[in-house]
file input.txt (compact mmCIF, C-alpha atoms)
# COMPACT_ATOMS: atom_id res chain seq x y z
CA MET J 65 0.00 0.00 0.00
CA SER J 66 1.31 3.40 -0.89
CA SER J 67 2.39 5.51 2.04
CA ILE J 68 2.29 9.14 1.10
CA VAL J 69 4.31 11.49 3.20
CA ALA J 70 3.48 15.21 3.18
CA MET J 71 6.07 17.76 4.22
CA GLY J 72 4.23 21.04 4.19
CA SER J 73 4.38 21.60 0.48
CA LEU J 74 5.98 18.27 -0.41
CA LEU J 75 4.42 15.01 -1.53
CA CYS J 76 6.62 11.95 -1.59
CA PHE J 77 5.95 8.23 -1.67
CA ALA J 78 7.65 6.34 1.12
CA ASN J 79 6.53 2.85 0.06
CA PRO J 80 5.30 3.10 -3.51
CA SER J 81 3.82 0.22 -5.41
CA PRO J 82 5.28 -0.58 -8.86
CA GLU J 83 2.29 1.13 -10.48
CA THR J 84 2.84 4.24 -8.35
CA ARG J 85 6.54 4.33 -9.24
CA VAL J 86 5.65 4.26 -12.92
CA ARG J 87 2.99 6.92 -12.60
CA PHE J 88 4.97 9.20 -10.30
CA GLY J 89 8.53 8.81 -11.48
CA SER J 90 11.26 11.39 -11.62
CA TYR J 91 10.00 14.83 -12.55
CA PRO J 92 11.52 18.33 -12.96
CA LYS J 93 12.59 19.67 -9.57
CA TRP J 94 11.10 23.09 -10.27
CA PHE J 95 7.63 21.56 -9.95
CA GLY J 96 7.97 22.06 -6.21
CA GLY J 97 8.49 25.79 -6.61
CA SER J 98 5.73 26.23 -9.17
CA SER J 99 3.24 24.27 -7.05
CA SER J 100 4.14 26.35 -4.00
CA CYS J 101 3.73 29.60 -5.97
CA LEU J 102 0.24 28.64 -7.11
CA ALA J 103 -0.70 27.54 -3.58
CA VAL J 104 0.59 30.74 -1.98
CA ILE J 105 -2.03 32.71 -3.91
CA VAL J 106 -4.57 30.92 -1.70
CA SER J 107 -2.65 31.25 1.56
CA HIS J 108 -1.03 34.70 1.27
CA PRO J 109 -3.82 36.70 3.00
CA LEU J 110 -3.62 34.39 6.01
CA ASP J 111 0.16 34.69 6.10
CA LEU J 112 -0.15 38.48 6.05
CA VAL J 113 -2.55 38.43 9.01
CA LYS J 114 -0.17 36.11 10.88
CA VAL J 115 2.76 38.48 10.32
CA ARG J 116 0.73 41.50 11.49
CA LEU J 117 -0.29 39.68 14.68
CA GLN J 118 3.22 38.44 15.45
CA ALA J 119 4.90 41.80 14.80
CA ALA J 120 2.35 43.89 16.71
CA PRO J 121 3.37 45.24 20.16
CA LEU J 122 1.46 43.93 23.16
CA ALA J 123 -0.46 47.18 23.67
CA GLY J 124 -1.72 47.23 20.08
CA ARG J 125 -2.60 43.54 19.82
CA LYS J 126 -5.87 42.64 18.05
CA THR J 127 -7.66 39.36 17.44
CA PHE J 128 -7.41 37.46 14.16
CA VAL J 129 -10.88 38.57 13.02
CA ASP J 130 -10.33 42.19 14.10
CA THR J 131 -7.06 42.27 12.15
CA VAL J 132 -8.74 40.98 8.98
CA ILE J 133 -11.54 43.56 9.33
CA GLN J 134 -9.09 46.40 9.97
CA ILE J 135 -6.95 45.54 6.95
CA SER J 136 -10.01 45.23 4.69
CA ARG J 137 -11.45 48.53 5.92
CA LEU J 138 -8.26 50.62 5.81
CA GLU J 139 -6.45 49.04 2.86
CA GLY J 140 -9.21 47.36 0.90
CA LEU J 141 -9.24 43.71 -0.11
CA GLN J 142 -6.04 44.26 -2.10
CA GLY J 143 -4.37 45.00 1.24
CA LEU J 144 -4.62 41.30 2.07
CA TYR J 145 -2.30 40.61 -0.87
CA ARG J 146 0.31 43.20 0.07
CA GLY J 147 3.77 41.73 -0.46
CA LEU J 148 2.58 39.00 -2.83
CA SER J 149 5.56 39.53 -5.15
CA ALA J 150 7.94 38.82 -2.25
CA SER J 151 5.90 35.80 -1.23
CA LEU J 152 6.13 34.39 -4.75
CA LEU J 153 9.89 35.00 -4.86
CA ARG J 154 10.22 33.22 -1.52
CA GLN J 155 8.44 30.16 -2.88
CA LEU J 156 10.60 30.18 -6.02
CA THR J 157 13.75 30.19 -3.89
CA TYR J 158 12.80 28.38 -0.68
CA GLY J 159 10.27 25.98 -2.20
CA SER J 160 12.34 25.06 -5.25
CA THR J 161 15.52 24.54 -3.21
CA ARG J 162 13.76 22.37 -0.66
CA PHE J 163 12.14 20.19 -3.31
CA ALA J 164 15.30 19.85 -5.38
CA ILE J 165 17.52 18.78 -2.47
CA TYR J 166 14.97 16.44 -0.92
CA GLU J 167 14.06 14.72 -4.18
CA SER J 168 17.73 14.34 -5.15
CA ILE J 169 18.56 12.66 -1.83
CA LYS J 170 15.50 10.43 -2.07
CA GLU J 171 16.22 9.37 -5.66
CA LYS J 172 19.85 8.54 -4.85
CA SER J 173 18.70 6.43 -1.89
CA VAL J 174 16.18 4.58 -4.06
CA SER J 175 18.79 3.98 -6.75
CA ARG J 176 21.44 2.81 -4.29
CA ASN J 177 19.15 0.45 -2.35
CA ASN J 178 17.05 -0.61 -5.35
CA GLY J 179 13.94 0.04 -3.26
CA PRO J 180 11.97 2.75 -1.46
CA ALA J 181 13.82 5.17 0.81
CA SER J 182 13.46 4.44 4.52
CA MET J 183 12.32 6.89 7.18
CA ALA J 184 15.92 6.92 8.44
CA VAL J 185 16.79 8.64 5.14
CA LEU J 186 13.63 10.66 4.56
CA LEU J 187 13.49 12.34 7.97
CA PRO J 188 17.03 13.83 8.05
CA ALA J 189 16.72 14.60 4.33
CA SER J 190 13.56 16.61 4.98
CA VAL J 191 15.16 18.54 7.86
CA PHE J 192 18.31 19.24 5.83
CA SER J 193 16.35 20.36 2.76
CA GLY J 194 14.21 22.67 4.90
CA VAL J 195 17.27 24.32 6.44
CA CYS J 196 18.93 24.80 3.02
CA GLY J 197 15.72 26.19 1.55
CA ALA J 198 15.37 28.69 4.39
CA ILE J 199 18.93 29.96 3.91
CA VAL J 200 18.48 30.43 0.15
CA GLY J 201 15.05 32.00 0.59
CA ASN J 202 15.92 34.29 3.53
CA PRO J 203 16.34 37.52 1.49
CA ALA J 204 12.91 37.04 -0.09
CA ASP J 205 11.47 36.09 3.31
CA ILE J 206 12.71 39.35 4.84
CA CYS J 207 11.13 41.30 1.97
CA ASN J 208 7.92 39.36 2.46
CA VAL J 209 7.71 40.10 6.19
CA ARG J 210 8.56 43.78 5.82
CA MET J 211 6.19 44.38 2.92
CA GLN J 212 3.34 42.63 4.74
CA ASN J 213 3.94 44.52 7.98
CA ASP J 214 4.72 47.94 6.48
CA ASN J 215 1.18 49.37 6.55
CA SER J 216 0.71 48.43 10.20
CA LEU J 217 3.53 50.81 11.21
CA PRO J 218 3.08 54.51 12.06
CA PRO J 219 3.12 56.61 8.84
CA ASN J 220 6.54 58.12 9.62
CA GLN J 221 8.09 54.65 9.93
CA ARG J 222 6.68 53.10 6.76
CA GLN J 223 8.97 52.25 3.86
CA ASN J 224 6.20 52.05 1.24
CA TYR J 225 7.93 49.37 -0.82
CA ARG J 226 6.65 49.27 -4.40
CA ASN J 227 7.53 45.62 -5.06
CA VAL J 228 9.99 42.93 -4.04
CA LEU J 229 12.78 44.33 -6.26
CA ASP J 230 12.40 47.75 -4.61
CA ALA J 231 12.51 46.07 -1.19
CA LEU J 232 15.68 44.14 -2.06
CA ILE J 233 17.46 47.27 -3.28
CA ARG J 234 16.47 49.37 -0.26
CA ILE J 235 17.33 46.68 2.29
CA ARG J 236 20.74 46.28 0.64
CA ARG J 237 21.26 50.06 0.75
CA GLN J 238 20.12 50.49 4.37
CA ASP J 239 21.38 47.32 6.06
CA GLY J 240 24.10 46.01 3.74
CA LEU J 241 24.41 42.41 2.61
CA SER J 242 24.09 41.21 6.20
CA GLY J 243 20.57 42.65 6.23
CA PHE J 244 19.45 39.86 3.90
CA PHE J 245 20.27 37.29 6.56
CA ARG J 246 18.59 38.78 9.60
CA GLY J 247 16.69 36.06 11.41
CA VAL J 248 18.25 33.32 9.29
CA PHE J 249 18.96 31.13 12.34
CA PRO J 250 15.37 30.93 13.71
CA SER J 251 14.09 30.76 10.14
CA SER J 252 16.33 27.79 9.33
CA VAL J 253 15.51 25.99 12.58
CA ARG J 254 11.81 26.56 11.96
CA ALA J 255 12.00 25.32 8.36
CA GLY J 256 13.91 22.20 9.35
CA ALA J 257 11.54 21.45 12.23
CA ALA J 258 8.46 22.12 10.10
CA THR J 259 9.40 19.78 7.29
CA GLY J 260 10.72 17.16 9.68
CA CYS J 261 7.74 17.04 12.03
CA GLN J 262 5.26 17.19 9.16
CA LEU J 263 7.03 14.25 7.50
CA GLY J 264 6.96 12.02 10.57
CA SER J 265 3.60 13.06 12.00
CA TYR J 266 1.79 12.74 8.68
CA ASP J 267 2.96 9.17 8.14
CA VAL J 268 2.08 8.10 11.71
CA ILE J 269 -1.32 9.84 11.67
CA LYS J 270 -2.33 8.44 8.29
CA GLN J 271 -1.41 4.88 9.19
CA ALA J 272 -3.28 5.25 12.50
CA LEU J 273 -6.39 6.47 10.67
CA ILE J 274 -6.23 3.52 8.28
CA ALA J 275 -5.62 0.96 11.05
CA ASN J 276 -8.00 2.29 13.72
CA ALA J 277 -10.68 4.25 11.90
CA SER J 278 -11.25 1.83 9.00
CA LEU J 279 -10.39 4.54 6.47
CA LYS J 280 -8.99 3.80 3.02
CA ASP J 281 -5.69 5.13 1.77
CA GLY J 282 -7.25 7.71 -0.54
CA PRO J 283 -7.41 11.49 -0.97
CA PRO J 284 -9.89 12.10 1.92
CA THR J 285 -7.67 10.24 4.39
CA GLN J 286 -4.54 11.91 3.06
CA LEU J 287 -6.18 15.34 3.32
CA LEU J 288 -7.28 14.70 6.92
CA ALA J 289 -3.83 13.42 7.86
CA SER J 290 -2.13 16.43 6.26
CA LEU J 291 -4.35 18.84 8.22
CA LEU J 292 -3.65 17.01 11.50
CA ALA J 293 0.07 17.05 10.67
CA SER J 294 -0.23 20.78 10.07
CA ILE J 295 -1.51 21.18 13.64
CA VAL J 296 1.60 19.40 14.95
CA ALA J 297 3.93 21.47 12.77
CA THR J 298 2.25 24.79 13.62
CA THR J 299 2.41 24.10 17.36
CA ILE J 300 6.05 23.01 17.37
CA CYS J 301 7.21 25.82 15.09
CA SER J 302 5.16 28.66 16.62
CA PRO J 303 7.92 30.04 18.94
CA MET J 304 10.52 30.02 16.15
CA ASP J 305 8.03 31.64 13.78
CA VAL J 306 7.34 34.52 16.20
CA ILE J 307 11.06 35.15 16.76
CA LYS J 308 11.77 35.00 13.02
CA THR J 309 8.99 37.48 12.23
CA ARG J 310 10.06 39.95 14.93
CA MET J 311 13.73 39.84 13.92
CA MET J 312 12.98 40.24 10.21
CA SER J 313 10.46 43.05 10.67
CA GLU J 314 12.79 45.20 12.79
CA THR J 315 16.03 46.95 11.95
CA GLY J 316 19.00 46.68 14.28
CA GLY J 317 21.10 43.86 15.62
CA THR J 318 18.92 42.08 18.18
CA SER J 319 19.93 38.44 18.51
CA ALA J 320 17.52 35.52 18.72
CA TRP J 321 18.26 35.10 22.44
CA GLY J 322 17.86 38.84 22.98
CA MET J 323 14.49 38.72 21.26
CA ILE J 324 13.37 35.78 23.43
CA THR J 325 14.42 37.66 26.58
CA GLN J 326 12.69 40.84 25.43
CA LEU J 327 9.41 39.07 24.56
CA THR J 328 9.36 37.02 27.76
CA ARG J 329 10.04 40.08 29.94
CA SER J 330 7.28 42.15 28.32
CA GLU J 331 4.64 39.47 27.68
CA GLY J 332 5.49 36.40 29.70
CA TRP J 333 5.41 33.06 27.86
CA ARG J 334 2.18 33.90 26.02
CA TRP J 335 4.22 35.15 23.06
CA ILE J 336 5.08 31.54 22.15
CA PHE J 337 1.69 30.94 20.51
CA ARG J 338 1.01 34.41 19.19
CA GLY J 339 -0.50 34.11 15.71
CA TRP J 340 -1.12 30.36 16.06
CA VAL J 341 -4.62 30.49 14.50
CA PRO J 342 -3.60 32.34 11.31
CA SER J 343 -0.44 30.20 11.13
CA PHE J 344 -2.53 27.04 11.08
CA THR J 345 -5.24 28.44 8.82
CA ARG J 346 -2.46 29.37 6.39
CA LEU J 347 -0.50 26.12 6.66
CA GLY J 348 -3.51 23.81 6.25
CA PRO J 349 -4.86 25.28 2.99
CA HIS J 350 -1.34 25.91 1.67
CA THR J 351 -0.37 22.29 2.29
CA ALA J 352 -3.55 20.87 0.73
CA ALA J 353 -3.37 23.20 -2.27
CA THR J 354 0.31 22.48 -2.89
CA LEU J 355 -0.22 18.72 -2.76
CA LEU J 356 -3.17 18.80 -5.16
CA ILE J 357 -1.36 21.08 -7.60
CA LEU J 358 1.81 19.01 -7.40
CA GLU J 359 -0.13 15.84 -8.14
CA GLN J 360 -1.58 17.48 -11.25
CA HIS J 361 1.89 18.68 -12.30
CA ARG J 362 3.25 15.17 -12.01
CA LYS J 363 0.21 13.54 -13.57
CA PHE J 364 0.28 15.64 -16.74
CA TYR J 365 4.07 15.52 -16.95
CA ASN J 366 4.00 11.72 -16.90
CA ILE J 367 1.13 11.59 -19.41
CA TYR J 368 2.95 13.77 -21.92
CA THR J 369 6.41 12.28 -21.39
CA VAL J 370 5.02 8.74 -21.84
CA GLN J 371 3.23 9.81 -25.02
call {"tool": "encode", "arguments": {"input": "input.txt", "output": "structure tokens"}}
result
Amino acid sequence: MSSIVAMGSLLCFANPSPETRVRFGSYPKWFGGSSSCLAVIVSHPLDLVKVRLQAAPLAGRKTFVDTVIQISRLEGLQGLYRGLSASLLRQLTYGSTRFAIYESIKEKSVSRNNGPASMAVLLPASVFSGVCGAIVGNPADICNVRMQNDNSLPPNQRQNYRNVLDALIRIRRQDGLSGFFRGVFPSSVRAGAATGCQLGSYDVIKQALIANASLKDGPPTQLLASLLASIVATTICSPMDVIKTRMMSETGGTSAWGMITQLTRSEGWRWIFRGWVPSFTRLGPHTAATLLILEQHRKFYNIYTVQ
């Protein structure tokens, strides 16, 4: 029976049948980036709300619903897509890198062992690919965070970035090359943890659903398992996500430990799960959309390459 493992925006087959291996063989590595770009169009508004909540000071904190209403009223519906160009660039860099590295490791393992890759290979491969993707995508991630959060700042502090290219040029001019790697440590740790815990938790949850709930190994079960895995990933990664957002949205040289100390002193430990709801509501749809789009990419690629 096929065991499909979802890693956020990644679909891989841990124990494919011969028919599955034929249908879903090797495919262009950029499919991961293109699938993620199409999926981010669905999830971007939720990511923007998450960033606003995580970057907001304690005194100005609003609820998820209040934040959505405020953005829609003050900036219009297009305000929910502020920073989309940076978000797309992030998926092209982060998503493509993560897919390419992971799939390359998995294919080499399959070729070397003449069989499916084991979890002992897939789990560290997923963590490693997530870390590498975060490093490559960090400049676009900083642009994404700053563009999304810009309109929530006081008027005299806003940068009014026109697009992601404008943001890249101005960050380089103001902060130097080192400015592109602010928050890279928490971002890399988060990316590695997210892909790793999604990989393991999805496989365990899906097999438990099949064994204990009499569900079949089909799209409904896979969708449910991916959403439950998203809960695990969101919860584990929430503290790192908050630190990453705060470090990327601010200028200056605050370290990750300094940010943790500052947040804990001013807010207690409640900061750990700030923005959890929009994080999950973004991750769930983004994961599902990416998997469905990726399956279609692979399906049509195999149809046309076979023909």
call {"tool": "atom_distance", "arguments": {"input": "input.txt", "atom1": "CA of Ala352 in chain J", "atom2": "CA of Gly194 in chain J"}}
result
18.3 Å
call {"tool": "closest_atom_pairs", "arguments": {"input": "input.txt", "of": "range 173-262 of chain J", "to": "range 144-164 of chain J", "cutoff": "7 Å", "atoms": "only C-alpha atoms", "output": "JSON lines"}}
result
{"residue": "J:Ser193", "atom": "CA", "partner": "J:Arg162", "partner_atom": "CA", "distance": 4.7}
{"residue": "J:Gly194", "atom": "CA", "partner": "J:Arg162", "partner_atom": "CA", "distance": 5.6}
{"residue": "J:Cys196", "atom": "CA", "partner": "J:Arg162", "partner_atom": "CA", "distance": 6.8}
{"residue": "J:Gly197", "atom": "CA", "partner": "J:Tyr158", "partner_atom": "CA", "distance": 4.3}
{"residue": "J:Ala198", "atom": "CA", "partner": "J:Tyr158", "partner_atom": "CA", "distance": 5.7}
{"residue": "J:Val200", "atom": "CA", "partner": "J:Tyr158", "partner_atom": "CA", "distance": 6.1}
{"residue": "J:Gly201", "atom": "CA", "partner": "J:Tyr158", "partner_atom": "CA", "distance": 4.4}
{"residue": "J:Ala204", "atom": "CA", "partner": "J:Arg154", "partner_atom": "CA", "distance": 4.9}
{"residue": "J:Asp205", "atom": "CA", "partner": "J:Arg154", "partner_atom": "CA", "distance": 5.8}
{"residue": "J:Cys207", "atom": "CA", "partner": "J:Ala150", "partner_atom": "CA", "distance": 5.8}
{"residue": "J:Asn208", "atom": "CA", "partner": "J:Ala150", "partner_atom": "CA", "distance": 4.7}
{"residue": "J:Met211", "atom": "CA", "partner": "J:Gly147", "partner_atom": "CA", "distance": 4.9}
{"residue": "J:Gln212", "atom": "CA", "partner": "J:Gly147", "partner_atom": "CA", "distance": 5.3}
{"residue": "J:Asn227", "atom": "CA", "partner": "J:Ser149", "partner_atom": "CA", "distance": 6.4}
{"residue": "J:Val228", "atom": "CA", "partner": "J:Ala150", "partner_atom": "CA", "distance": 4.9}
call {"tool": "atom_distance", "arguments": {"input": "input.txt", "atom1": "CA of Leu141 in chain J", "atom2": "CA of Pro109 in chain J"}}
result
9.4 Å
call {"tool": "closest_residue", "arguments": {"input": "input.txt", "among": "J:Lys280, J:Arg246, J:Arg362, J:Arg334", "to": "Lys308 in chain J", "atoms": "only C-alpha atoms"}}
result
J:Arg246
call {"tool": "closest_residue", "arguments": {"input": "input.txt", "among": "J:Ser278, J:Thr354, J:Ser313, J:Ser100", "to": "Asp214 in chain J", "atoms": "only C-alpha atoms"}}
result
J:Ser313
call {"tool": "closest_residue", "arguments": {"input": "input.txt", "among": "J:Arg234, J:Lys270, J:His350, J:His361", "to": "Phe95 in chain J", "atoms": "only C-alpha atoms"}}
result
J:His361
call {"tool": "residues_around", "arguments": {"input": "input.txt", "residues": "Pro342 in chain J", "least_positions_apart": "2", "cutoff": "10 Å", "atoms": "only C-alpha atoms", "output": "list in words"}}
result
Ser107, Pro109, Leu110, Asp111, Leu112, Val113, Lys114, Val115, Leu117, Phe128, Val129, Thr298, Arg338, Gly339, Trp340, Phe344, Thr345, Arg346, Leu347 and Gly348 of chain J
call {"tool": "atom_distance", "arguments": {"input": "input.txt", "atom1": "CA of Val104 in chain J", "atom2": "CA of Met311 in chain J"}}
result
22.5 Å
call {"tool": "residues_around", "arguments": {"input": "input.txt", "residues": "Ile324 in chain J", "least_positions_apart": "3", "cutoff": "10 Å", "atoms": "only C-alpha atoms", "output": "PyMOL selection string"}}
result
chain J and resi 303-304+306-307+318-321+327-329+333+335-336
call {"tool": "write_last_selection", "arguments": {"input": "input.txt", "atoms": "C-alpha atoms", "output": "mmCIF file, keeping the file's coordinate frame"}}
result
data_model
loop_
_atom_site.group_PDB
_atom_site.id
_atom_site.type_symbol
_atom_site.label_atom_id
_atom_site.label_comp_id
_atom_site.auth_asym_id
_atom_site.auth_seq_id
_atom_site.Cartn_x
_atom_site.Cartn_y
_atom_site.Cartn_z
ATOM 1 C CA PRO J 303 7.920 30.040 18.940
ATOM 2 C CA MET J 304 10.520 30.020 16.150
ATOM 3 C CA VAL J 306 7.340 34.520 16.200
ATOM 4 C CA ILE J 307 11.060 35.150 16.760
ATOM 5 C CA THR J 318 18.920 42.080 18.180
ATOM 6 C CA SER J 319 19.930 38.440 18.510
ATOM 7 C CA ALA J 320 17.520 35.520 18.720
ATOM 8 C CA TRP J 321 18.260 35.100 22.440
ATOM 9 C CA LEU J 327 9.410 39.070 24.560
ATOM 10 C CA THR J 328 9.360 37.020 27.760
ATOM 11 C CA ARG J 329 10.040 40.080 29.940
ATOM 12 C CA TRP J 333 5.410 33.060 27.860
ATOM 13 C CA TRP J 335 4.220 35.150 23.060
ATOM 14 C CA ILE J 336 5.080 31.540 22.150
#
call {"tool": "closest_residue", "arguments": {"input": "input.txt", "among": "J:Gly96, J:His108, J:Pro203, J:Asn177", "to": "Leu241 in chain J", "atoms": "all atoms listed in the file"}}
result
J:Pro203
call {"tool": "closest_residue", "arguments": {"input": "input.txt", "among": "J:Ala258, J:Met323, J:Leu186, J:Ala231", "to": "Thr309 in chain J", "atoms": "all atoms listed in the file"}}
result
J:Met323
